[in-house]
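What follows is a set of notes on a single structure, which appears directly below.
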Amino acid sequence: MRIAMMGTRGVPATYGGFETAIEEVGARLVERGHEVVVYCRDTGAKVERKSNHLGMQLVHLPAVKTKSLETLSHSGLTAVHLVTHRTDVALVFNAANAVWLPILRAARIPAATHVDGLEWKRAKWGPIGKRYYLTCERLAVRWSHALISDAQGIADYYQSKFAKDSYLITYGAPNCRDAGSELLKELDLVPGQYHLVVARFEPENHVHLIVEGHRRSGSKMPLIVVGSSPYADTYTAELKQLADPSVRFLGGIWDQDLLNQLYANCYVYWHGHSVGGTNPSLLRALGAGAPVAGFDVSFNREVAGRAGHYFADAAKASELFQALEADPGMVLELEAATITEAERYDWEIVTDGYEQLCQDLLAQRANPREISSGKQNSKLPLRANGKTPQEP
């Protein structure tokens, strides 16, 4: 099959979960004999633009560089490009791009939309942005030939609100338990003697609760904060005001070896994300064997399971800092549980889910009436482990 992947910054993956999924799944689909085309945003930076990455063909198209239009403008150009550069199926990442689905439908290109999390809940969007994302949810349901949810909670939301089934396909957990620790010397860090946060600086990722909880707790270990946000200067300033001197803000880290070592050697990984589904940062922590302290929402409990303890506010985070540092045995129990939890998230099985989805979409393409009507695929939603939500 010729499979187009659109709606993200593209690959190589240097930003977030969508890009990581495309890189991991796309490369495996190529190994299985498929032709994969990934649409990448042209940033305008003076860097070499690759035409191929891990066997995937890369198409670079421009985007309007503003928070509200960057994704939308690039995806619109992508949809137009696909009209004259045909593909068997299209995988559209981010429900915000649903407004371009009619172009794909007019070209009779079957499309599945990865709806991501509940984007309208993000604090960075004002009233207009929130209404736009709520509208796009409805458009994605109406115009997609299939939906992809990456967590059971997201699939339940679309079933409850729209009576629409999803293909339930999560992400994979990379195995980086043996990442080593030599690079930590560059940061003057001692393995097992620091807490870690890796997140974009957005209010719904609750970095502020973690930073405040760390300060209140009187923690004896430093808190290492990795991340930033190009559109959150005010929030970033607030975080630094909340922090005590033992909190270290490292900014974004793109050295994957260093990042893996930070995960693999932290005392506890703190995860404050609340509006997404299965989050790649959390999966990376599990794959690194890092005990988890997570914000208390269903998505995080679904992923971390027995490898985590949970907090809902700064006071609870403070108590958790104190409890985890006072009881290394409890931390060791959480670390042991990461092995079982991480095994549930395997990139090969995730790729099986995407491959099956594409085959189903291609089968629908043989029936133009079915495509033009937007008839939902008759198969039940797929879990990443190949089971449907109705199975035990």
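Ligands are numbered from 1 in the order shown, chains are lettered A, B, ... in the order of the structure tokens, and residues start at 1 in each chain.
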Polymer residues at most 12 Å from A:Gly33, only C-alpha atoms, same-chain spacing of 4 or more positions, as a list in words: Met1, Arg2, Ile3, Gly26, Ala27, Arg28, Leu29, Gly55, Met56 and Glu355 of chain A
Give me, as a PDB file with N, CA and C atoms, in the first residue's frame, all polymer residues having an atom no more than 8 Å from stretch 100-116 of chain A, counting only C-alpha atoms and skipping those fewer than 5 positions away in the same chain.
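The result, written out as selection.pdb:
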```pdb
ATOM      1  N   SER A  75      -1.474  21.554   6.871  1.00  0.00           N
ATOM      2  CA  SER A  75      -2.330  20.416   6.510  1.00  0.00           C
ATOM      3  C   SER A  75      -3.203  20.728   5.307  1.00  0.00           C
ATOM      4  N   GLY A  76      -3.622  21.988   5.169  1.00  0.00           N
ATOM      5  CA  GLY A  76      -4.386  22.365   3.983  1.00  0.00           C
ATOM      6  C   GLY A  76      -3.578  22.195   2.713  1.00  0.00           C
ATOM      7  N   ALA A  79      -3.289  18.455   1.957  1.00  0.00           N
ATOM      8  CA  ALA A  79      -4.485  17.875   1.341  1.00  0.00           C
ATOM      9  C   ALA A  79      -4.536  18.192  -0.146  1.00  0.00           C
ATOM     10  N   VAL A  80      -4.206  19.425  -0.512  1.00  0.00           N
ATOM     11  CA  VAL A  80      -4.192  19.808  -1.925  1.00  0.00           C
ATOM     12  C   VAL A  80      -3.121  19.022  -2.675  1.00  0.00           C
ATOM     13  N   LEU A  82      -2.043  16.075  -2.039  1.00  0.00           N
ATOM     14  CA  LEU A  82      -2.452  14.681  -2.197  1.00  0.00           C
ATOM     15  C   LEU A  82      -3.434  14.490  -3.361  1.00  0.00           C
ATOM     16  N   VAL A  83      -4.131  15.531  -3.738  1.00  0.00           N
ATOM     17  CA  VAL A  83      -5.058  15.419  -4.867  1.00  0.00           C
ATOM     18  C   VAL A  83      -4.311  15.037  -6.134  1.00  0.00           C
ATOM     19  N   ARG A  86      -1.355  10.972  -5.645  1.00  0.00           N
ATOM     20  CA  ARG A  86      -2.324  10.077  -5.036  1.00  0.00           C
ATOM     21  C   ARG A  86      -1.694   9.077  -4.077  1.00  0.00           C
ATOM     22  N   THR A  87      -2.501   8.671  -3.115  1.00  0.00           N
ATOM     23  CA  THR A  87      -2.109   7.669  -2.135  1.00  0.00           C
ATOM     24  C   THR A  87      -3.266   6.701  -1.970  1.00  0.00           C
ATOM     25  N   ASP A  88      -2.983   5.503  -1.489  1.00  0.00           N
ATOM     26  CA  ASP A  88      -4.061   4.529  -1.270  1.00  0.00           C
ATOM     27  C   ASP A  88      -4.904   4.913  -0.059  1.00  0.00           C
ATOM     28  N   VAL A  89      -4.238   5.332   1.007  1.00  0.00           N
ATOM     29  CA  VAL A  89      -4.940   5.737   2.231  1.00  0.00           C
ATOM     30  C   VAL A  89      -4.176   6.904   2.847  1.00  0.00           C
ATOM     31  N   ALA A  90      -4.870   7.684   3.660  1.00  0.00           N
ATOM     32  CA  ALA A  90      -4.243   8.798   4.374  1.00  0.00           C
ATOM     33  C   ALA A  90      -4.514   8.663   5.867  1.00  0.00           C
ATOM     34  N   LEU A  91      -3.481   8.838   6.660  1.00  0.00           N
ATOM     35  CA  LEU A  91      -3.606   8.881   8.112  1.00  0.00           C
ATOM     36  C   LEU A  91      -3.436  10.338   8.530  1.00  0.00           C
ATOM     37  N   VAL A  92      -4.506  10.921   9.064  1.00  0.00           N
ATOM     38  CA  VAL A  92      -4.528  12.339   9.420  1.00  0.00           C
ATOM     39  C   VAL A  92      -4.396  12.451  10.931  1.00  0.00           C
ATOM     40  N   PHE A  93      -3.333  13.083  11.380  1.00  0.00           N
ATOM     41  CA  PHE A  93      -3.091  13.225  12.808  1.00  0.00           C
ATOM     42  C   PHE A  93      -3.577  14.591  13.285  1.00  0.00           C
ATOM     43  N   ASN A  94      -4.395  14.572  14.341  1.00  0.00           N
ATOM     44  CA  ASN A  94      -4.939  15.773  14.975  1.00  0.00           C
ATOM     45  C   ASN A  94      -6.310  16.115  14.383  1.00  0.00           C
ATOM     46  N   ALA A  95      -7.315  16.068  15.241  1.00  0.00           N
ATOM     47  CA  ALA A  95      -8.685  16.360  14.813  1.00  0.00           C
ATOM     48  C   ALA A  95      -8.838  17.778  14.290  1.00  0.00           C
ATOM     49  N   GLU A 137     -14.088  18.108  16.344  1.00  0.00           N
ATOM     50  CA  GLU A 137     -14.445  16.767  16.799  1.00  0.00           C
ATOM     51  C   GLU A 137     -15.631  16.235  16.000  1.00  0.00           C
ATOM     52  N   ALA A 140     -14.596  15.531  12.380  1.00  0.00           N
ATOM     53  CA  ALA A 140     -13.796  14.307  12.258  1.00  0.00           C
ATOM     54  C   ALA A 140     -14.691  13.078  12.278  1.00  0.00           C
ATOM     55  N   TRP A 143     -16.705  13.140   8.767  1.00  0.00           N
ATOM     56  CA  TRP A 143     -16.017  13.048   7.484  1.00  0.00           C
ATOM     57  C   TRP A 143     -14.892  12.006   7.427  1.00  0.00           C
ATOM     58  N   SER A 144     -14.462  11.476   8.566  1.00  0.00           N
ATOM     59  CA  SER A 144     -13.423  10.441   8.537  1.00  0.00           C
ATOM     60  C   SER A 144     -14.035   9.091   8.196  1.00  0.00           C
ATOM     61  N   HIS A 145     -13.284   8.265   7.526  1.00  0.00           N
ATOM     62  CA  HIS A 145     -13.729   6.900   7.280  1.00  0.00           C
ATOM     63  C   HIS A 145     -13.455   6.003   8.479  1.00  0.00           C
ATOM     64  N   ALA A 146     -12.588   6.471   9.384  1.00  0.00           N
ATOM     65  CA  ALA A 146     -12.331   5.768  10.638  1.00  0.00           C
ATOM     66  C   ALA A 146     -11.680   6.756  11.595  1.00  0.00           C
ATOM     67  N   LEU A 147     -11.869   6.518  12.894  1.00  0.00           N
ATOM     68  CA  LEU A 147     -11.195   7.292  13.922  1.00  0.00           C
ATOM     69  C   LEU A 147     -10.158   6.430  14.620  1.00  0.00           C
ATOM     70  N   ILE A 148      -9.078   7.071  15.054  1.00  0.00           N
ATOM     71  CA  ILE A 148      -8.051   6.399  15.847  1.00  0.00           C
ATOM     72  C   ILE A 148      -8.013   7.071  17.207  1.00  0.00           C
ATOM     73  N   SER A 149      -8.170   6.290  18.268  1.00  0.00           N
ATOM     74  CA  SER A 149      -7.991   6.774  19.635  1.00  0.00           C
ATOM     75  C   SER A 149      -6.787   6.061  20.232  1.00  0.00           C
ATOM     76  N   ASP A 150      -5.981   6.793  21.007  1.00  0.00           N
ATOM     77  CA  ASP A 150      -4.783   6.160  21.558  1.00  0.00           C
ATOM     78  C   ASP A 150      -4.938   5.737  23.012  1.00  0.00           C
ATOM     79  N   ILE A 154     -10.242   8.009  25.626  1.00  0.00           N
ATOM     80  CA  ILE A 154     -10.576   8.790  24.438  1.00  0.00           C
ATOM     81  C   ILE A 154     -11.615   8.044  23.604  1.00  0.00           C
ATOM     82  N   GLY A 276      -4.464  14.547  27.338  1.00  0.00           N
ATOM     83  CA  GLY A 276      -4.145  13.666  26.217  1.00  0.00           C
ATOM     84  C   GLY A 276      -4.594  12.254  26.507  1.00  0.00           C
ATOM     85  N   GLY A 277      -4.226  11.362  25.643  1.00  0.00           N
ATOM     86  CA  GLY A 277      -4.532   9.953  25.858  1.00  0.00           C
ATOM     87  C   GLY A 277      -3.296   9.247  26.371  1.00  0.00           C
ATOM     88  N   LEU A 361      -9.263   0.308   5.314  1.00  0.00           N
ATOM     89  CA  LEU A 361      -9.592   1.499   4.523  1.00  0.00           C
ATOM     90  C   LEU A 361      -9.474   1.221   3.031  1.00  0.00           C
ATOM     91  N   LEU A 362      -8.452   0.463   2.659  1.00  0.00           N
ATOM     92  CA  LEU A 362      -8.259   0.152   1.244  1.00  0.00           C
ATOM     93  C   LEU A 362      -9.387  -0.736   0.739  1.00  0.00           C
ATOM     94  N   GLN A 364     -12.416  -0.588   1.819  1.00  0.00           N
ATOM     95  CA  GLN A 364     -13.561   0.309   1.638  1.00  0.00           C
ATOM     96  C   GLN A 364     -13.459   1.071   0.324  1.00  0.00           C
ATOM     97  N   ARG A 365     -12.230   1.371  -0.074  1.00  0.00           N
ATOM     98  CA  ARG A 365     -12.048   2.151  -1.297  1.00  0.00           C
ATOM     99  C   ARG A 365     -12.606   1.422  -2.517  1.00  0.00           C
ATOM    100  N   PRO A 368     -17.055   2.601  -3.856  1.00  0.00           N
ATOM    101  CA  PRO A 368     -17.215   4.064  -3.870  1.00  0.00           C
ATOM    102  C   PRO A 368     -18.431   4.555  -3.113  1.00  0.00           C
ATOM    103  N   ILE A 371     -17.563   4.781   0.493  1.00  0.00           N
ATOM    104  CA  ILE A 371     -16.682   5.896   0.779  1.00  0.00           C
ATOM    105  C   ILE A 371     -17.454   7.202   0.767  1.00  0.00           C
ATOM    106  N   SER A 372     -18.275   7.409  -0.242  1.00  0.00           N
ATOM    107  CA  SER A 372     -18.974   8.688  -0.352  1.00  0.00           C
ATOM    108  C   SER A 372     -19.987   8.879   0.755  1.00  0.00           C
TER     109      SER A 372
END
```
Secondary structure check, strand (DSSP E or B) residues of stretch 21-196 of chain A, as a PyMOL selection string: chain A and resi 35-41+52-53+56-61+89-93+111-114+146-149+167-168+195-196
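Nearest to A:Ala173 of all the residues A:Val59, A:Val226, A:Leu239, A:Ala285 is A:Ala285, counting only C-alpha atoms.
In this structure, atom CA of A:Arg32 sits 27.6 Å away from atom CA of A:Thr340.
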Using only C-alpha atoms, the best pick from A:Ala13, A:Ala342, A:Val350, A:Ala4 as closest to A:Thr78 would be A:Ala4
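Atom pair atom CA of A:Phe162 / atom CA of A:Arg142: separated by 9.6 Å.
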Looking only at the backbone, which of the residues in stretch 183-296 of chain A does DSSP tag as helix (DSSP H, G or I), as a VMD selection string? chain A and resid 183 to 187 203 to 205 207 to 217 233 to 242 256 to 265 280 to 287
